[in-house]
Amino acid sequence: MSHTVLYPGSFDPVTNGHVDVLAQALDIADRVVVAIGIHPAKKPLFEFDERVEMIRDTVVALGVDPARVDVVAFSDLVVDCAARVGASAMIRGLRDGTDLDYEMQLAGMNGTMAPAIRTVFLPASPGVRHITATLVRQIAAMGGDITRFVPPSVAPRLVARAAERR
């Protein structure tokens with residue numbers, strides 16, 4: 001039986017933390033659908049198509065068969081997106097206890113709305129636990145070195161975008 005999981009997030013930009021969780025998800029599932037949340041009230045640093053391209057570049061750099069990873073947009077409930085793509089589970093990365101508290105609430109709500117779709121928590125590896133996209137964007141905006149926090153294909157895009165906005 002083929003197992004599909006959904007890995008939702010904003011991925012604005014893709015960080016090494018995201019890559020770590022994606023690689024773990026690929027270890028336990030045949031297919032991972034990366035679902036980029038689109039919220040009309042939020043103005044992302046990167047457009048949807050740019051984030052898709054960064055994710056695809058990251059998958060290639062991982063040496064994974066690109067056919068095992070799809071990227072979709074969603075603007076509705078994440079459980080509805082998971083059902084649409086045939087996912088049996090949603091992947092959520094955890095950095096610390098604060099993440100766990102919040103993610104447990106989400107898992108409870110999602111489990112009530114869609115009991116057939118499980119939430120699977122994957123702990124971030126120690127070397128990337130401290131990375132958040134928010135902090136990476138802030139460091140880039142202030143001209144800091146972000147190369148240790150994002151994949152090599154993402155770094156030049158992020159540096160250029162931050163420079164445009166300064």
# chains A, B, ... in the order shown; residues from 1 in each chain; ligands from 1

call {"tool": "select_by_dssp", "arguments": {"residues": "chain A", "states": "alpha helix (DSSP H)", "output": "PyMOL selection string"}}
result
chain A and resi 16-28+48-62+78-84+97-113+133-141+155-165

call {"tool": "closest_atom_pairs", "arguments": {"of": "region 61-145 of chain A", "to": "region 32-49 of chain A", "cutoff": "10 Å", "atoms": "only C-alpha atoms", "output": "Markdown table"}}
result
| residue | atom | partner | partner_atom | distance |
| --- | --- | --- | --- | --- |
| A:Ala67 | CA | A:Val32 | CA | 9.5 |
| A:Arg68 | CA | A:Val32 | CA | 6.3 |
| A:Val69 | CA | A:Val32 | CA | 4.9 |
| A:Asp70 | CA | A:Val33 | CA | 4.7 |
| A:Val71 | CA | A:Val34 | CA | 4.7 |
| A:Val72 | CA | A:Ala35 | CA | 4.9 |
| A:Ala73 | CA | A:Ile36 | CA | 4.8 |
| A:Phe74 | CA | A:Gly37 | CA | 5.1 |
| A:Ser75 | CA | A:Ile38 | CA | 5.0 |
| A:Asp76 | CA | A:Gly37 | CA | 8.4 |
| A:Leu77 | CA | A:Gly37 | CA | 9.5 |
| A:Val78 | CA | A:Gly37 | CA | 8.4 |
| A:Cys81 | CA | A:Ala35 | CA | 7.9 |
| A:Ala82 | CA | A:Val33 | CA | 8.6 |
| A:Val85 | CA | A:Val33 | CA | 7.6 |
| A:Gly86 | CA | A:Val33 | CA | 9.5 |
| A:Ala87 | CA | A:Val33 | CA | 8.1 |
| A:Ala89 | CA | A:Val32 | CA | 9.9 |
| A:Met90 | CA | A:Val33 | CA | 9.4 |
| A:Ile91 | CA | A:Val32 | CA | 9.1 |
| A:Arg137 | CA | A:Leu45 | CA | 8.2 |

call {"tool": "closest_residue", "arguments": {"among": "A:Asp99, A:Leu26, A:Thr119, A:His130", "to": "Gly63 (chain A)", "atoms": "only C-alpha atoms"}}
result
A:Leu26

call {"tool": "atom_distance", "arguments": {"atom1": "CA of Pro151 (chain A)", "atom2": "CA of Asp57 (chain A)"}}
result
9.1 Å

call {"tool": "closest_residue", "arguments": {"among": "A:Val150, A:Leu94, A:Val79, A:Met142", "to": "Arg166 (chain A)", "atoms": "only C-alpha atoms"}}
result
A:Met142

call {"tool": "residues_around", "arguments": {"residues": "region 145-149 of chain A", "least_positions_apart": "6", "cutoff": "8 Å", "atoms": "only C-alpha atoms", "output": "ChimeraX atom specification"}}
result
/A:15-17,128,131,136,139,155

call {"tool": "write_last_selection", "arguments": {"atoms": "N, CA, C and O atoms", "output": "PDB file, in the first residue's frame"}}
result
ATOM      1  N   THR A  15      13.709  26.532   4.983  1.00  0.00           N
ATOM      2  CA  THR A  15      14.895  26.562   5.842  1.00  0.00           C
ATOM      3  C   THR A  15      15.483  25.162   5.966  1.00  0.00           C
ATOM      4  O   THR A  15      14.860  24.176   5.559  1.00  0.00           O
ATOM      5  N   ASN A  16      16.644  25.090   6.563  1.00  0.00           N
ATOM      6  CA  ASN A  16      17.246  23.785   6.816  1.00  0.00           C
ATOM      7  C   ASN A  16      16.406  22.978   7.795  1.00  0.00           C
ATOM      8  O   ASN A  16      16.439  21.743   7.764  1.00  0.00           O
ATOM      9  N   GLY A  17      15.647  23.640   8.646  1.00  0.00           N
ATOM     10  CA  GLY A  17      14.717  22.938   9.524  1.00  0.00           C
ATOM     11  C   GLY A  17      13.618  22.256   8.728  1.00  0.00           C
ATOM     12  O   GLY A  17      13.274  21.099   8.985  1.00  0.00           O
ATOM     13  N   VAL A 128      19.321  21.787  13.821  1.00  0.00           N
ATOM     14  CA  VAL A 128      18.423  22.745  13.152  1.00  0.00           C
ATOM     15  C   VAL A 128      17.247  23.182  14.039  1.00  0.00           C
ATOM     16  O   VAL A 128      16.399  23.938  13.587  1.00  0.00           O
ATOM     17  N   ILE A 131      16.230  26.954  14.240  1.00  0.00           N
ATOM     18  CA  ILE A 131      15.937  27.713  13.018  1.00  0.00           C
ATOM     19  C   ILE A 131      14.439  27.936  12.859  1.00  0.00           C
ATOM     20  O   ILE A 131      13.654  26.997  12.901  1.00  0.00           O
ATOM     21  N   VAL A 136      15.069  33.812  10.294  1.00  0.00           N
ATOM     22  CA  VAL A 136      15.898  33.839   9.086  1.00  0.00           C
ATOM     23  C   VAL A 136      15.562  35.077   8.257  1.00  0.00           C
ATOM     24  O   VAL A 136      16.466  35.775   7.768  1.00  0.00           O
ATOM     25  N   ILE A 139      17.096  38.143  10.023  1.00  0.00           N
ATOM     26  CA  ILE A 139      18.547  38.211   9.851  1.00  0.00           C
ATOM     27  C   ILE A 139      18.877  38.690   8.443  1.00  0.00           C
ATOM     28  O   ILE A 139      19.740  39.563   8.258  1.00  0.00           O
ATOM     29  N   ALA A 155      19.646  30.515  -0.353  1.00  0.00           N
ATOM     30  CA  ALA A 155      20.411  31.646   0.174  1.00  0.00           C
ATOM     31  C   ALA A 155      20.511  32.832  -0.790  1.00  0.00           C
ATOM     32  O   ALA A 155      20.193  33.960  -0.390  1.00  0.00           O
TER      33      ALA A 155
END

call {"tool": "closest_residue", "arguments": {"among": "A:Leu106, A:Ala23, A:Val120, A:Leu135", "to": "Ala61 (chain A)", "atoms": "only C-alpha atoms"}}
result
A:Ala23
